[in-house]
Amino acid sequence: MSGNIRGGHTLETVMTASERQTVYLDHAATTPMLPAAIEAMTDHLARTGNASSLHGSGRCAGRTVEESRETIAAALGAQPSEVVFTSGGTEAEHLALKGLWWSRLAQDPRRRRILLSGIEHHAVLDPAIWLGQHEHAEIEWLPVDELGRVRPDDVRRAVESDPESVAFITLMMANNDGRSGRSSRSERSPSSPSSTAYLCTGCCQAIGQVPVDFGELGVDAMTVSAHKLGGPYGIGALIVHKETQLTPICTVGDRSATSAPARSTPPRPAGFAVAIGARDQAPADESLRLTELRDALIDGITSTVEGAQLSGDPAGRLPGNAHLSFSDCEGDSLLLLLDARGIEVSTGSACNAGVAEPSHVLLAMGYDDQRARGSLRFTLGHTSTRADVDAVLDNIGPVVERAKSAGLQNVGRNN
């Protein structure tokens with residue numbers, strides 16, 4: 001069975017996931033692997049060798065891992081020794097927050113405050129809350145404005161209220177619900193080095209869409225994930241400044257390691273390196289292409305669908321991100337109706353999928369419960385085309401009308 005959703009554009013609606021042709025607009029959750037990354041990873045899957053072994057095959061594997069580390073470091077403006085491979089962005093965030101916490105506490109038992117915003121990803125919120133519950137960390141929430149921006153003055157005031165008690169600050173560079181930001185040492189207290197607050201930033205959403213340079217950001221730790229930029233699943237990295245002390249949370253024999261060395265087997269680092277190298281070569285052209293598609297999508301929806309509103313900063317947002325709310329609709333209903341027509345989007349972070357709660361990001365930005373629930377996130381990437389945008393514009397109107405009708409029927413039944 002198939003359904004024609006736009007002139008000459010037929011999408012299969014009852015097929016297996018692998019056979020089904022779709023308009024895929026959920027690149028913020030994960031983006032398809034680049035062919036070159038698949039080729040690199042496949043090539044190394046056919047080779048034998050543990051990167052920790054001393055024989056020829058082991059040395060060859062180790063060389064691949066280290067060369068991949070060098071490529072990734074160069075693309076991110078870091079030194080190879082500052083790149084720690086992880087299983088992904090979530091593990092990198094846990095390593096950063098817990099490693100920084102224990103390190104700072106060991107330096108000075110007064111450093112118990114963790115400063116973060118309410119719009120952080122759950123990969124940050126969850127370990128921070130865990131540290132509060134189990135390690136007696138003092139969690140301090142930094143406010144955001146209606147566009148999802150953390151004001152530098154708020155950060156400075158929070159730090160300067162008691163600089164000696166701050167363990168670290170963690171602020172994402174870009175939020176998957178739409179906002180693109182920038183974290184840097186300029187958001188710290190201008191106090192003495194002994195009083196400086198460490199700063200960690202999550203760049204999983206920003207990487208591949210906007211320039212990311214670890215040295216220029218001037219942060220102490222930064223997290224990235226390969227599958228957000230066309231690399232393989234199951235690998236990310238924590239970039240830690242060479243002068244930043246991070247308590248190891250894994251021990252192997254008589255050695256300490258920041259992360260499990262088993263993460264450093266050749267196939268994934270090789271695929272990661274190829275992907276980040278490819279995206280680093282022409283980011284300006286790709287950003288411009290995505291921005292044009294994004295703006296066409298936003299303009300098309302807001303001009304034709306009554307009650308559709310753009311969420312977040314209209315200017316300072318990621319090139320491929322269009323986050324919109326729809327009045328009198330449930331986001332989950334909109335998602336499933338679009339999915340039935342072969343158009344794949346999301347209501348927010350994939351980590352929250354299936355959770356019947358409004359976006360904590362939108363609530364922190366001051367949106368009411370209804371608007372937060374009635375939101376959709378369209379995210380474009382390297383496979384996105386104008387035909388994808390046209391498919392959404394041809395279908396979003398009827399989908400919204402049907403979702404509104406279903407909502408009114410449910411209200412009638414409840415009354």
# chains A, B, ... in the order shown; residues from 1 in each chain; ligands from 1

call {"tool": "residues_around", "arguments": {"residues": "A:Glu39", "least_positions_apart": "3", "cutoff": "12 Å", "atoms": "only C-alpha atoms", "output": "list in words"}}
result
Met33, Leu34, Pro35, Ala36, Thr42, Asp43, His44, Leu45, Ala46, Gly231, Pro232, Pro267, Arg268, Ala270, Gly271, Phe272, Val274 and Ala275 of chain A

call {"tool": "closest_residue", "arguments": {"among": "A:Met365, A:Arg377, A:Val305, A:Ala75", "to": "A:Val399", "atoms": "only C-alpha atoms"}}
result
A:Val305

call {"tool": "select_by_dssp", "arguments": {"residues": "stretch 42-232 of chain A", "states": "alpha helix (DSSP H)", "output": "PyMOL selection string"}}
result
chain A and resi 42-45+56-76+89-107+122-134+152-160+214-217

call {"tool": "residues_around", "arguments": {"residues": "A:Asn321", "least_positions_apart": "4", "cutoff": "12 Å", "atoms": "only C-alpha atoms", "output": "PyMOL selection string"}}
result
chain A and resi 25-29+174-180+205-206+209-210+287+290-298+310-317+345-346+348+376-381+384

call {"tool": "write_last_selection", "arguments": {"atoms": "N, CA and C atoms", "output": "compact mmCIF listing (two decimals), in the first residue's frame"}}
result
# COMPACT_ATOMS: atom_id res chain seq x y z
N LEU A 25 13.60 13.97 8.55
CA LEU A 25 13.90 15.29 9.09
C LEU A 25 14.09 15.22 10.60
N ASP A 26 14.93 14.26 11.02
CA ASP A 26 15.24 14.11 12.44
C ASP A 26 16.75 13.95 12.63
N HIS A 27 17.49 14.79 11.94
CA HIS A 27 18.95 14.70 11.98
C HIS A 27 19.53 15.06 13.35
N ALA A 28 18.78 15.80 14.17
CA ALA A 28 19.28 16.12 15.50
C ALA A 28 19.32 14.88 16.38
N ALA A 29 18.49 13.89 16.07
CA ALA A 29 18.51 12.62 16.82
C ALA A 29 19.69 11.77 16.35
N ALA A 174 24.74 24.46 21.84
CA ALA A 174 23.52 24.55 21.05
C ALA A 174 22.53 23.53 21.56
N ASN A 175 21.26 23.94 21.58
CA ASN A 175 20.20 23.06 22.07
C ASN A 175 19.49 22.41 20.90
N ASN A 176 19.12 21.14 21.06
CA ASN A 176 18.45 20.44 19.96
C ASN A 176 17.04 20.96 19.71
N ASP A 177 16.49 21.76 20.64
CA ASP A 177 15.18 22.36 20.41
C ASP A 177 15.29 23.70 19.71
N GLY A 178 16.49 24.06 19.26
CA GLY A 178 16.55 25.19 18.36
C GLY A 178 17.61 26.23 18.55
N ARG A 179 18.07 26.47 19.75
CA ARG A 179 18.95 27.60 19.95
C ARG A 179 20.41 27.26 19.72
N SER A 180 21.13 28.15 19.08
CA SER A 180 22.57 28.03 18.94
C SER A 180 23.21 29.06 19.85
N GLN A 205 25.15 18.83 19.38
CA GLN A 205 24.25 19.35 18.36
C GLN A 205 24.95 20.35 17.44
N ALA A 206 25.91 21.07 17.96
CA ALA A 206 26.57 22.11 17.17
C ALA A 206 27.54 21.56 16.15
N GLN A 209 27.48 21.66 12.15
CA GLN A 209 26.56 22.69 11.65
C GLN A 209 27.13 24.09 11.80
N VAL A 210 27.85 24.32 12.88
CA VAL A 210 28.50 25.62 13.09
C VAL A 210 29.95 25.35 13.46
N SER A 287 26.33 24.96 5.76
CA SER A 287 25.51 25.77 6.66
C SER A 287 24.58 26.68 5.87
N LEU A 290 21.73 24.52 4.35
CA LEU A 290 20.76 24.13 5.36
C LEU A 290 19.94 25.32 5.84
N THR A 291 20.58 26.47 5.97
CA THR A 291 19.85 27.66 6.40
C THR A 291 18.76 28.03 5.40
N GLU A 292 19.05 27.94 4.12
CA GLU A 292 18.05 28.25 3.09
C GLU A 292 16.89 27.27 3.14
N LEU A 293 17.18 25.99 3.29
CA LEU A 293 16.11 24.99 3.40
C LEU A 293 15.30 25.21 4.67
N ARG A 294 15.98 25.47 5.77
CA ARG A 294 15.30 25.70 7.05
C ARG A 294 14.36 26.89 6.96
N ASP A 295 14.85 27.99 6.40
CA ASP A 295 14.02 29.19 6.31
C ASP A 295 12.81 28.97 5.41
N ALA A 296 12.99 28.22 4.33
CA ALA A 296 11.87 27.91 3.44
C ALA A 296 10.82 27.08 4.18
N LEU A 297 11.28 26.17 5.02
CA LEU A 297 10.36 25.34 5.80
C LEU A 297 9.61 26.17 6.83
N ILE A 298 10.34 27.01 7.57
CA ILE A 298 9.72 27.85 8.60
C ILE A 298 8.72 28.82 7.97
N LEU A 310 7.17 29.82 15.59
CA LEU A 310 8.55 29.38 15.71
C LEU A 310 8.98 29.47 17.17
N SER A 311 9.67 28.45 17.65
CA SER A 311 10.18 28.44 19.02
C SER A 311 11.67 28.77 19.00
N GLY A 312 12.11 29.46 20.04
CA GLY A 312 13.53 29.77 20.16
C GLY A 312 13.91 31.03 19.43
N ASP A 313 15.19 31.23 19.31
CA ASP A 313 15.75 32.44 18.72
C ASP A 313 15.57 32.39 17.20
N PRO A 314 14.89 33.38 16.60
CA PRO A 314 14.69 33.35 15.15
C PRO A 314 15.98 33.55 14.36
N ALA A 315 16.97 34.17 14.98
CA ALA A 315 18.23 34.44 14.27
C ALA A 315 19.36 33.52 14.74
N GLY A 316 19.58 33.47 16.04
CA GLY A 316 20.71 32.70 16.57
C GLY A 316 20.36 31.25 16.77
N ARG A 317 20.04 30.55 15.68
CA ARG A 317 19.67 29.15 15.78
C ARG A 317 20.53 28.30 14.84
N VAL A 345 9.78 13.14 11.78
CA VAL A 345 10.24 14.29 12.57
C VAL A 345 10.22 13.86 14.03
N SER A 346 10.36 14.80 14.96
CA SER A 346 10.32 14.44 16.37
C SER A 346 9.64 15.55 17.15
N GLY A 348 11.13 16.42 20.05
CA GLY A 348 12.24 16.92 20.86
C GLY A 348 13.33 15.88 20.94
N LEU A 376 6.75 20.49 17.42
CA LEU A 376 7.47 19.56 16.56
C LEU A 376 8.84 20.12 16.24
N ARG A 377 9.81 19.22 16.12
CA ARG A 377 11.17 19.60 15.75
C ARG A 377 11.49 19.00 14.39
N PHE A 378 11.73 19.87 13.42
CA PHE A 378 12.19 19.45 12.10
C PHE A 378 13.68 19.76 12.03
N THR A 379 14.51 18.76 11.82
CA THR A 379 15.95 19.02 11.75
C THR A 379 16.52 18.43 10.46
N LEU A 380 17.20 19.29 9.72
CA LEU A 380 17.74 18.92 8.42
C LEU A 380 19.22 18.60 8.52
N GLY A 381 19.70 17.84 7.52
CA GLY A 381 21.10 17.47 7.51
C GLY A 381 21.61 17.24 6.10
N SER A 384 19.25 16.12 3.32
CA SER A 384 18.00 16.87 3.13
C SER A 384 18.00 17.63 1.81

call {"tool": "closest_residue", "arguments": {"among": "A:Arg59, A:His227, A:Lys242, A:Lys404", "to": "A:Thr265", "atoms": "only C-alpha atoms"}}
result
A:Arg59

call {"tool": "atom_distance", "arguments": {"atom1": "atom CA of A:Ala391", "atom2": "atom CA of A:Arg371"}}
result
24.2 Å

call {"tool": "closest_residue", "arguments": {"among": "A:Leu338, A:Asp388, A:Leu362, A:Pro211", "to": "A:Ile276", "atoms": "only C-alpha atoms"}}
result
A:Pro211

call {"tool": "residues_around", "arguments": {"residues": "stretch 76-92 of chain A", "least_positions_apart": "3", "cutoff": "6 Å", "atoms": "only C-alpha atoms", "output": "PyMOL selection string"}}
result
chain A and resi 69-70+73+95+123+213-215+223-225+234-242

call {"tool": "closest_residue", "arguments": {"among": "A:Val150, A:Leu217, A:Val65, A:Ala340", "to": "A:Glu120", "atoms": "only C-alpha atoms"}}
result
A:Val150

call {"tool": "closest_residue", "arguments": {"among": "A:Gly118, A:Gly202, A:Pro269, A:Pro32", "to": "A:Ser359", "atoms": "only C-alpha atoms"}}
result
A:Gly118

call {"tool": "atom_distance", "arguments": {"atom1": "atom CA of A:Asp339", "atom2": "atom CA of A:Thr22"}}
result
8.7 Å

call {"tool": "residues_around", "arguments": {"residues": "A:Leu334", "least_positions_apart": "2", "cutoff": "9 Å", "atoms": "only C-alpha atoms", "output": "list of chain:residue names"}}
result
A:Cys329, A:Glu330, A:Gly331, A:Asp332, A:Leu336, A:Leu337, A:Leu338, A:Asp339, A:Thr347, A:Gly374, A:Ser375, A:Leu376, A:Ile396, A:Val399, A:Val400, A:Arg402, A:Ala403

call {"tool": "residues_around", "arguments": {"residues": "A:Ala61", "least_positions_apart": "2", "cutoff": "7 Å", "atoms": "only C-alpha atoms", "output": "tab-separated table (two decimals) with N, CA and C atoms, in the first residue's frame"}}
result
chain	number	residue	atom	x	y	z
A	49	GLY	N	43.22	-7.07	15.14
A	49	GLY	CA	44.26	-6.40	15.91
A	49	GLY	C	43.69	-5.59	17.05
A	50	ASN	N	44.18	-5.86	18.26
A	50	ASN	CA	43.80	-5.09	19.43
A	50	ASN	C	44.77	-3.93	19.58
A	51	ALA	N	44.24	-2.74	19.70
A	51	ALA	CA	45.10	-1.55	19.73
A	51	ALA	C	46.06	-1.54	20.90
A	57	SER	N	50.00	-6.71	14.28
A	57	SER	CA	48.58	-6.38	14.07
A	57	SER	C	48.09	-5.39	15.12
A	58	GLY	N	48.59	-5.56	16.35
A	58	GLY	CA	48.20	-4.63	17.42
A	58	GLY	C	48.74	-3.24	17.18
A	59	ARG	N	49.99	-3.17	16.75
A	59	ARG	CA	50.58	-1.86	16.48
A	59	ARG	C	49.87	-1.15	15.33
A	63	ARG	N	47.97	2.31	15.64
A	63	ARG	CA	48.30	3.45	14.78
A	63	ARG	C	47.04	4.06	14.17
A	64	THR	N	46.09	3.21	13.78
A	64	THR	CA	44.82	3.70	13.23
A	64	THR	C	44.08	4.55	14.25
A	65	VAL	N	44.03	4.06	15.50
A	65	VAL	CA	43.34	4.80	16.56
A	65	VAL	C	43.99	6.15	16.78
A	266	PRO	N	39.81	0.12	16.38
A	266	PRO	CA	39.95	0.93	15.17
A	266	PRO	C	38.69	1.32	14.39

call {"tool": "closest_residue", "arguments": {"among": "A:Ala40, A:Ile301, A:Ala364, A:Ile129", "to": "A:Asp394", "atoms": "only C-alpha atoms"}}
result
A:Ile301

call {"tool": "decode", "arguments": {"residues": "stretch 317-349 of chain A", "atoms": "N, CA and C atoms", "output": "PDB file, in the first residue's frame"}}
result
ATOM      1  N   ARG A 317      20.041  30.553  15.679  1.00  0.00           N
ATOM      2  CA  ARG A 317      19.670  29.147  15.779  1.00  0.00           C
ATOM      3  C   ARG A 317      20.533  28.304  14.836  1.00  0.00           C
ATOM      4  N   LEU A 318      20.511  27.004  15.041  1.00  0.00           N
ATOM      5  CA  LEU A 318      21.291  26.111  14.192  1.00  0.00           C
ATOM      6  C   LEU A 318      20.773  26.158  12.763  1.00  0.00           C
ATOM      7  N   PRO A 319      21.653  26.029  11.767  1.00  0.00           N
ATOM      8  CA  PRO A 319      21.225  26.114  10.368  1.00  0.00           C
ATOM      9  C   PRO A 319      20.143  25.108   9.987  1.00  0.00           C
ATOM     10  N   GLY A 320      20.184  23.914  10.562  1.00  0.00           N
ATOM     11  CA  GLY A 320      19.235  22.888  10.147  1.00  0.00           C
ATOM     12  C   GLY A 320      18.066  22.691  11.082  1.00  0.00           C
ATOM     13  N   ASN A 321      17.823  23.630  12.000  1.00  0.00           N
ATOM     14  CA  ASN A 321      16.801  23.401  13.024  1.00  0.00           C
ATOM     15  C   ASN A 321      15.596  24.308  12.831  1.00  0.00           C
ATOM     16  N   ALA A 322      14.421  23.689  12.743  1.00  0.00           N
ATOM     17  CA  ALA A 322      13.147  24.415  12.696  1.00  0.00           C
ATOM     18  C   ALA A 322      12.230  23.806  13.753  1.00  0.00           C
ATOM     19  N   HIS A 323      12.074  24.506  14.853  1.00  0.00           N
ATOM     20  CA  HIS A 323      11.248  24.011  15.962  1.00  0.00           C
ATOM     21  C   HIS A 323      10.009  24.884  16.053  1.00  0.00           C
ATOM     22  N   LEU A 324       8.834  24.273  15.889  1.00  0.00           N
ATOM     23  CA  LEU A 324       7.594  25.033  15.843  1.00  0.00           C
ATOM     24  C   LEU A 324       6.547  24.444  16.767  1.00  0.00           C
ATOM     25  N   SER A 325       5.671  25.306  17.257  1.00  0.00           N
ATOM     26  CA  SER A 325       4.547  24.853  18.066  1.00  0.00           C
ATOM     27  C   SER A 325       3.257  25.109  17.300  1.00  0.00           C
ATOM     28  N   PHE A 326       2.254  24.270  17.573  1.00  0.00           N
ATOM     29  CA  PHE A 326       0.972  24.330  16.878  1.00  0.00           C
ATOM     30  C   PHE A 326      -0.137  24.378  17.911  1.00  0.00           C
ATOM     31  N   SER A 327      -0.982  25.395  17.832  1.00  0.00           N
ATOM     32  CA  SER A 327      -2.037  25.567  18.833  1.00  0.00           C
ATOM     33  C   SER A 327      -3.085  24.467  18.735  1.00  0.00           C
ATOM     34  N   ASP A 328      -3.594  24.069  19.893  1.00  0.00           N
ATOM     35  CA  ASP A 328      -4.686  23.086  19.995  1.00  0.00           C
ATOM     36  C   ASP A 328      -4.323  21.730  19.410  1.00  0.00           C
ATOM     37  N   CYS A 329      -3.035  21.382  19.442  1.00  0.00           N
ATOM     38  CA  CYS A 329      -2.573  20.084  18.933  1.00  0.00           C
ATOM     39  C   CYS A 329      -1.626  19.442  19.936  1.00  0.00           C
ATOM     40  N   GLU A 330      -1.573  18.132  19.898  1.00  0.00           N
ATOM     41  CA  GLU A 330      -0.564  17.387  20.652  1.00  0.00           C
ATOM     42  C   GLU A 330       0.578  17.045  19.705  1.00  0.00           C
ATOM     43  N   GLY A 331       1.794  17.302  20.133  1.00  0.00           N
ATOM     44  CA  GLY A 331       2.942  17.015  19.299  1.00  0.00           C
ATOM     45  C   GLY A 331       3.031  15.556  18.883  1.00  0.00           C
ATOM     46  N   ASP A 332       2.708  14.647  19.814  1.00  0.00           N
ATOM     47  CA  ASP A 332       2.779  13.212  19.486  1.00  0.00           C
ATOM     48  C   ASP A 332       1.796  12.856  18.375  1.00  0.00           C
ATOM     49  N   SER A 333       0.604  13.475  18.400  1.00  0.00           N
ATOM     50  CA  SER A 333      -0.381  13.210  17.348  1.00  0.00           C
ATOM     51  C   SER A 333       0.139  13.697  16.001  1.00  0.00           C
ATOM     52  N   LEU A 334       0.709  14.883  15.985  1.00  0.00           N
ATOM     53  CA  LEU A 334       1.265  15.421  14.750  1.00  0.00           C
ATOM     54  C   LEU A 334       2.381  14.521  14.222  1.00  0.00           C
ATOM     55  N   LEU A 335       3.243  14.080  15.123  1.00  0.00           N
ATOM     56  CA  LEU A 335       4.356  13.212  14.730  1.00  0.00           C
ATOM     57  C   LEU A 335       3.854  11.933  14.064  1.00  0.00           C
ATOM     58  N   LEU A 336       2.872  11.279  14.680  1.00  0.00           N
ATOM     59  CA  LEU A 336       2.384  10.004  14.155  1.00  0.00           C
ATOM     60  C   LEU A 336       1.615  10.188  12.851  1.00  0.00           C
ATOM     61  N   LEU A 337       0.877  11.280  12.733  1.00  0.00           N
ATOM     62  CA  LEU A 337       0.162  11.543  11.484  1.00  0.00           C
ATOM     63  C   LEU A 337       1.129  11.814  10.341  1.00  0.00           C
ATOM     64  N   LEU A 338       2.188  12.546  10.620  1.00  0.00           N
ATOM     65  CA  LEU A 338       3.211  12.766   9.597  1.00  0.00           C
ATOM     66  C   LEU A 338       3.933  11.459   9.270  1.00  0.00           C
ATOM     67  N   ASP A 339       4.212  10.678  10.291  1.00  0.00           N
ATOM     68  CA  ASP A 339       4.904   9.406  10.079  1.00  0.00           C
ATOM     69  C   ASP A 339       4.086   8.486   9.178  1.00  0.00           C
ATOM     70  N   ALA A 340       2.759   8.505   9.339  1.00  0.00           N
ATOM     71  CA  ALA A 340       1.894   7.685   8.493  1.00  0.00           C
ATOM     72  C   ALA A 340       1.990   8.100   7.029  1.00  0.00           C
ATOM     73  N   ARG A 341       2.414   9.348   6.792  1.00  0.00           N
ATOM     74  CA  ARG A 341       2.585   9.836   5.430  1.00  0.00           C
ATOM     75  C   ARG A 341       4.047   9.746   4.988  1.00  0.00           C
ATOM     76  N   GLY A 342       4.867   9.095   5.779  1.00  0.00           N
ATOM     77  CA  GLY A 342       6.264   8.890   5.402  1.00  0.00           C
ATOM     78  C   GLY A 342       7.186  10.032   5.717  1.00  0.00           C
ATOM     79  N   ILE A 343       6.769  10.932   6.614  1.00  0.00           N
ATOM     80  CA  ILE A 343       7.598  12.073   6.990  1.00  0.00           C
ATOM     81  C   ILE A 343       8.008  11.910   8.441  1.00  0.00           C
ATOM     82  N   GLU A 344       9.294  11.810   8.688  1.00  0.00           N
ATOM     83  CA  GLU A 344       9.805  11.496  10.018  1.00  0.00           C
ATOM     84  C   GLU A 344      10.399  12.731  10.673  1.00  0.00           C
ATOM     85  N   VAL A 345       9.778  13.144  11.780  1.00  0.00           N
ATOM     86  CA  VAL A 345      10.236  14.288  12.568  1.00  0.00           C
ATOM     87  C   VAL A 345      10.221  13.856  14.031  1.00  0.00           C
ATOM     88  N   SER A 346      10.362  14.802  14.958  1.00  0.00           N
ATOM     89  CA  SER A 346      10.316  14.443  16.368  1.00  0.00           C
ATOM     90  C   SER A 346       9.636  15.551  17.149  1.00  0.00           C
ATOM     91  N   THR A 347       9.383  15.269  18.420  1.00  0.00           N
ATOM     92  CA  THR A 347       8.836  16.293  19.306  1.00  0.00           C
ATOM     93  C   THR A 347       9.919  16.884  20.198  1.00  0.00           C
ATOM     94  N   GLY A 348      11.134  16.422  20.048  1.00  0.00           N
ATOM     95  CA  GLY A 348      12.241  16.917  20.863  1.00  0.00           C
ATOM     96  C   GLY A 348      13.326  15.876  20.944  1.00  0.00           C
ATOM     97  N   SER A 349      14.106  15.914  22.002  1.00  0.00           N
ATOM     98  CA  SER A 349      15.219  14.996  22.175  1.00  0.00           C
ATOM     99  C   SER A 349      14.775  13.549  22.096  1.00  0.00           C
TER     100      SER A 349
END
